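Working notes, beginning with the structure itself.
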Amino acid sequence: MKYYSAAHIHDGRDWVADPELVLAFDEDNIFTGYVSRSGLEPDQVQELDGILCPGFVNAHCHLELSHTKGMIPEHTGLVTFLGKVVFNRAADEQSKLHAIEIAMAALEASGCIAVGDIANTEDLLHLRLQGNMHVHTFVETMGFIPQTATQRMAFPEQVHRSYAAQTSHPKGYVLRQSIVPHAPYSVSDKLFELIDDFEPGSLLSIHNEETPAENQYFIEKTGEMKELYKTLNIDDTYFQPSGKTSLQTYLPYIKQPHDLLLVHNTCITNEDLAYLDQYNGNVSLCLCPNANWYIERALPDIPAMMASGHNICLGTDSLASNHDLNIYGEIQKIKEHYPQIALSELLSWATMGGARALQLDHIIGSFEPGKRPGLVQIHEEVSKRIM
Ligand SMILES: [Zn+2]
């Protein structure tokens with residue numbers, strides 16, 4: 001058995017009130033329960049400084065963009081940013097894979113035990129077997145012209161097949177995959193339909209309401225997004241503005257029961273949050289504050305999301321729009337802008353909230369007997385995964 005203690009223990013939902021309690025893990029890192037310090041010899045317990053909590057979940061990342069670190073300037077706005085990501089995607093295979101390996105190591109070292117990773121390629125296929133974390137690969141689709149929808153599904157289906165062929169991880173971590181829409185403005189209603197039918201019940205993720213231009217386009221078909229299509233030579237004449245936000249326009253396209261991970265939500269409205277109550281599945285709201293700040297110099301209305309009662313989790317997005325892939329860095333960013341939100345709440349989003357969002361809460365996210373939740377130490381504003 002292994003016993004750990006610290007001045008503050010967070011169990012994934014809240015602080016552990018009794019300072020006498022020590023965390024007990026078996027040799028396979030399975031949490032067996034809390035033990036009273038009085039029943040143990042002092043040298044049996046590893047006393048650590050700071051805070052202990054379960055492993056972090058990074059619910060939204062793009063590891064395959066790791067080579068773009070530092071390439072895109074800050075505060076360009078999303079529309080310009082997207083153009084630059086497309087331009088910077090190309091790189092030689094070796095340096096791309098090397099950048100991913102470094103990013104995965106940093107992710108793990110800073111506390112992560114599970115990642116929701118967006119994939120447009122098979123770059124992570126072998127690397128996810130080497131990591132020490134659960135991986136849900138979200139294979140992304142894009143295509144705003146309805147006529148090309150079937151054609152646009154072909155490559156993601158092939159990528160999905162390759163990931164799905166990996167049935168197990170050598171160290172027992174969970175590996176999953178699902179096909180998902182990139183964003184409301186890059187996926188036609190027809191492509192939404194194909195994604196919806198591809199695997200009923202699969203976990204969907206989507207970049208949601210990341211920029212004001214997105215809702216402006218859906219409501220009245222004007223603004224920067226309209227200009228972007230013109231620049232990219234995309235003929236959007238078929239598209240009729242719905243007079244509604246993007247979320248309220250595309251949500252009815254999803255008819256099968258899918259749990260949903262809405263990422264960013266920088267411009268989500270109170271009406272949208274209320275609209276989500278009628279959705280036929282669990283909804284998680286993923287915050288990526290450092291990326292929002294990097295691209296738009298804006299943060300979502302987090303108190304409104306909290307008031308909505310939906311599950312909240314955290315993500316880093318990619319190194320194209322973040323200085324590192326560190327969930328504790330996201331917590332610090334939220335604290336800076338919303339000092340009224342308690343650290344206990346933020347830690348629960350980083351752990352249990354993320355585990356729920358990635359449908360992994362039966363094995364990670366909290367200190368509950370039988371789970372293998374990992375262990376993170378936070379000391380002097382630095383987080384470290386120690387199990
Ligand atoms: Zn993203």
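Scheme for the structure tokens: letters A, B, ... for chains in order shown; per-chain residue numbers from 1; ligand numbers from 1 in order shown.
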
Could you give me, as an NGL selection string, every polymer residue with an atom at most 12 Å away from an atom of ligand 1, counting only C-alpha atoms and all ligand atoms?
:A and (58-65 or 78 or 81-82 or 85 or 116-120 or 138 or 140 or 181-183 or 205-210 or 261-265 or 286-292 or 295 or 314-322)

Can you list every residue in range 95-281 of chain A that DSSP puts in helix (DSSP H, G or I), as a PyMOL selection string?
chain A and resi 95-109+127-130+146-164+184-186+189-198+212-220+224-231+246-253+270-278

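Checking A:Gly223, A:Pro252, A:Pro241, A:Gly111 one by one against Glu193 in chain A, counting only C-alpha atoms, you find the shortest gap at A:Pro252.
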
DSSP on the backbone, strand (DSSP E) only: what residues of range 130-184 of chain A does that give? Format it as a PyMOL selection string.
chain A and resi 134-141+175-181

Output as CSV one row per residue of range 250-360 of chain A within 9 Å of range 2-20 of chain A: the closest atom pair and its distance in Å to one decimal place, counting only C-alpha atoms, sorted by chain and residue number ascending.
residue,atom,partner,partner_atom,distance
A:Ser344,CA,A:Asp14,CA,5.7
A:Glu345,CA,A:Asp14,CA,7.3
A:Leu347,CA,A:Gly12,CA,6.7
A:Ser348,CA,A:Gly12,CA,4.9
A:Trp349,CA,A:Gly12,CA,8.2
A:Ala350,CA,A:Gly12,CA,8.2
A:Thr351,CA,A:Gly12,CA,5.5
A:Met352,CA,A:Gly12,CA,5.2
A:Gly353,CA,A:Gly12,CA,8.4

Calculated over only C-alpha atoms, which of the candidates A:Thr269, A:Gln147, A:Ser284, A:Gln216 has the smallest distance to Asp235 in chain A?
A:Gln147

Distance of CA of Gly172 in chain A from CA of Leu375 in chain A, expressed in Å to one decimal place
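Between CA of Leu375 in chain A and CA of Gly172 in chain A the gap is 16.8 Å.
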
Surrounding residues of range 218-220 of chain A excluding itself and chain neighbours under 6 positions, 10 Å, only C-alpha atoms, as a PDB file with N, CA, C and O atoms, in the first residue's frame:
ATOM      1  N   PRO A 184     -19.872  25.063 -35.969  1.00  0.00           N
ATOM      2  CA  PRO A 184     -21.144  25.299 -36.666  1.00  0.00           C
ATOM      3  C   PRO A 184     -20.960  25.919 -38.046  1.00  0.00           C
ATOM      4  O   PRO A 184     -21.686  25.582 -38.980  1.00  0.00           O
ATOM      5  N   TYR A 185     -19.968  26.807 -38.179  1.00  0.00           N
ATOM      6  CA  TYR A 185     -19.793  27.532 -39.440  1.00  0.00           C
ATOM      7  C   TYR A 185     -18.991  26.745 -40.473  1.00  0.00           C
ATOM      8  O   TYR A 185     -18.798  27.204 -41.589  1.00  0.00           O
ATOM      9  N   LYS A 226     -18.755  35.806 -43.257  1.00  0.00           N
ATOM     10  CA  LYS A 226     -19.206  35.912 -44.656  1.00  0.00           C
ATOM     11  C   LYS A 226     -18.009  36.285 -45.547  1.00  0.00           C
ATOM     12  O   LYS A 226     -17.829  35.717 -46.629  1.00  0.00           O
ATOM     13  N   PHE A 239     -26.975  29.037 -48.101  1.00  0.00           N
ATOM     14  CA  PHE A 239     -27.199  29.185 -46.656  1.00  0.00           C
ATOM     15  C   PHE A 239     -28.162  30.327 -46.358  1.00  0.00           C
ATOM     16  O   PHE A 239     -27.941  31.464 -46.758  1.00  0.00           O
ATOM     17  N   GLN A 240     -29.233  29.999 -45.655  1.00  0.00           N
ATOM     18  CA  GLN A 240     -30.207  31.013 -45.257  1.00  0.00           C
ATOM     19  C   GLN A 240     -29.994  31.322 -43.774  1.00  0.00           C
ATOM     20  O   GLN A 240     -29.997  30.405 -42.956  1.00  0.00           O
ATOM     21  N   PRO A 241     -29.814  32.602 -43.427  1.00  0.00           N
ATOM     22  CA  PRO A 241     -29.649  32.919 -42.005  1.00  0.00           C
ATOM     23  C   PRO A 241     -30.887  32.485 -41.226  1.00  0.00           C
ATOM     24  O   PRO A 241     -32.008  32.619 -41.711  1.00  0.00           O
ATOM     25  N   SER A 242     -30.680  31.955 -40.038  1.00  0.00           N
ATOM     26  CA  SER A 242     -31.808  31.391 -39.284  1.00  0.00           C
ATOM     27  C   SER A 242     -32.441  32.409 -38.351  1.00  0.00           C
ATOM     28  O   SER A 242     -33.510  32.156 -37.795  1.00  0.00           O
ATOM     29  N   GLY A 243     -31.751  33.542 -38.152  1.00  0.00           N
ATOM     30  CA  GLY A 243     -32.249  34.512 -37.176  1.00  0.00           C
ATOM     31  C   GLY A 243     -31.993  34.061 -35.744  1.00  0.00           C
ATOM     32  O   GLY A 243     -32.423  34.708 -34.798  1.00  0.00           O
ATOM     33  N   LYS A 244     -31.293  32.934 -35.610  1.00  0.00           N
ATOM     34  CA  LYS A 244     -30.990  32.399 -34.276  1.00  0.00           C
ATOM     35  C   LYS A 244     -29.482  32.256 -34.118  1.00  0.00           C
ATOM     36  O   LYS A 244     -28.743  32.256 -35.101  1.00  0.00           O
ATOM     37  N   THR A 245     -29.028  32.047 -32.892  1.00  0.00           N
ATOM     38  CA  THR A 245     -27.600  31.811 -32.671  1.00  0.00           C
ATOM     39  C   THR A 245     -27.210  30.494 -33.339  1.00  0.00           C
ATOM     40  O   THR A 245     -28.073  29.665 -33.677  1.00  0.00           O
ATOM     41  N   SER A 246     -25.903  30.288 -33.499  1.00  0.00           N
ATOM     42  CA  SER A 246     -25.431  29.051 -34.139  1.00  0.00           C
ATOM     43  C   SER A 246     -25.937  27.835 -33.366  1.00  0.00           C
ATOM     44  O   SER A 246     -26.453  26.881 -33.955  1.00  0.00           O
ATOM     45  N   LEU A 247     -25.803  27.861 -32.055  1.00  0.00           N
ATOM     46  CA  LEU A 247     -26.183  26.712 -31.222  1.00  0.00           C
ATOM     47  C   LEU A 247     -27.652  26.336 -31.433  1.00  0.00           C
ATOM     48  O   LEU A 247     -27.991  25.166 -31.608  1.00  0.00           O
ATOM     49  N   GLN A 248     -28.513  27.359 -31.451  1.00  0.00           N
ATOM     50  CA  GLN A 248     -29.951  27.077 -31.594  1.00  0.00           C
ATOM     51  C   GLN A 248     -30.303  26.668 -33.020  1.00  0.00           C
ATOM     52  O   GLN A 248     -31.359  26.102 -33.263  1.00  0.00           O
ATOM     53  N   THR A 249     -29.376  26.940 -33.949  1.00  0.00           N
ATOM     54  CA  THR A 249     -29.599  26.510 -35.340  1.00  0.00           C
ATOM     55  C   THR A 249     -29.191  25.055 -35.526  1.00  0.00           C
ATOM     56  O   THR A 249     -29.926  24.267 -36.123  1.00  0.00           O
ATOM     57  N   TYR A 250     -28.000  24.668 -35.021  1.00  0.00           N
ATOM     58  CA  TYR A 250     -27.517  23.316 -35.352  1.00  0.00           C
ATOM     59  C   TYR A 250     -27.976  22.238 -34.375  1.00  0.00           C
ATOM     60  O   TYR A 250     -28.001  21.057 -34.735  1.00  0.00           O
TER      61      TYR A 250
END
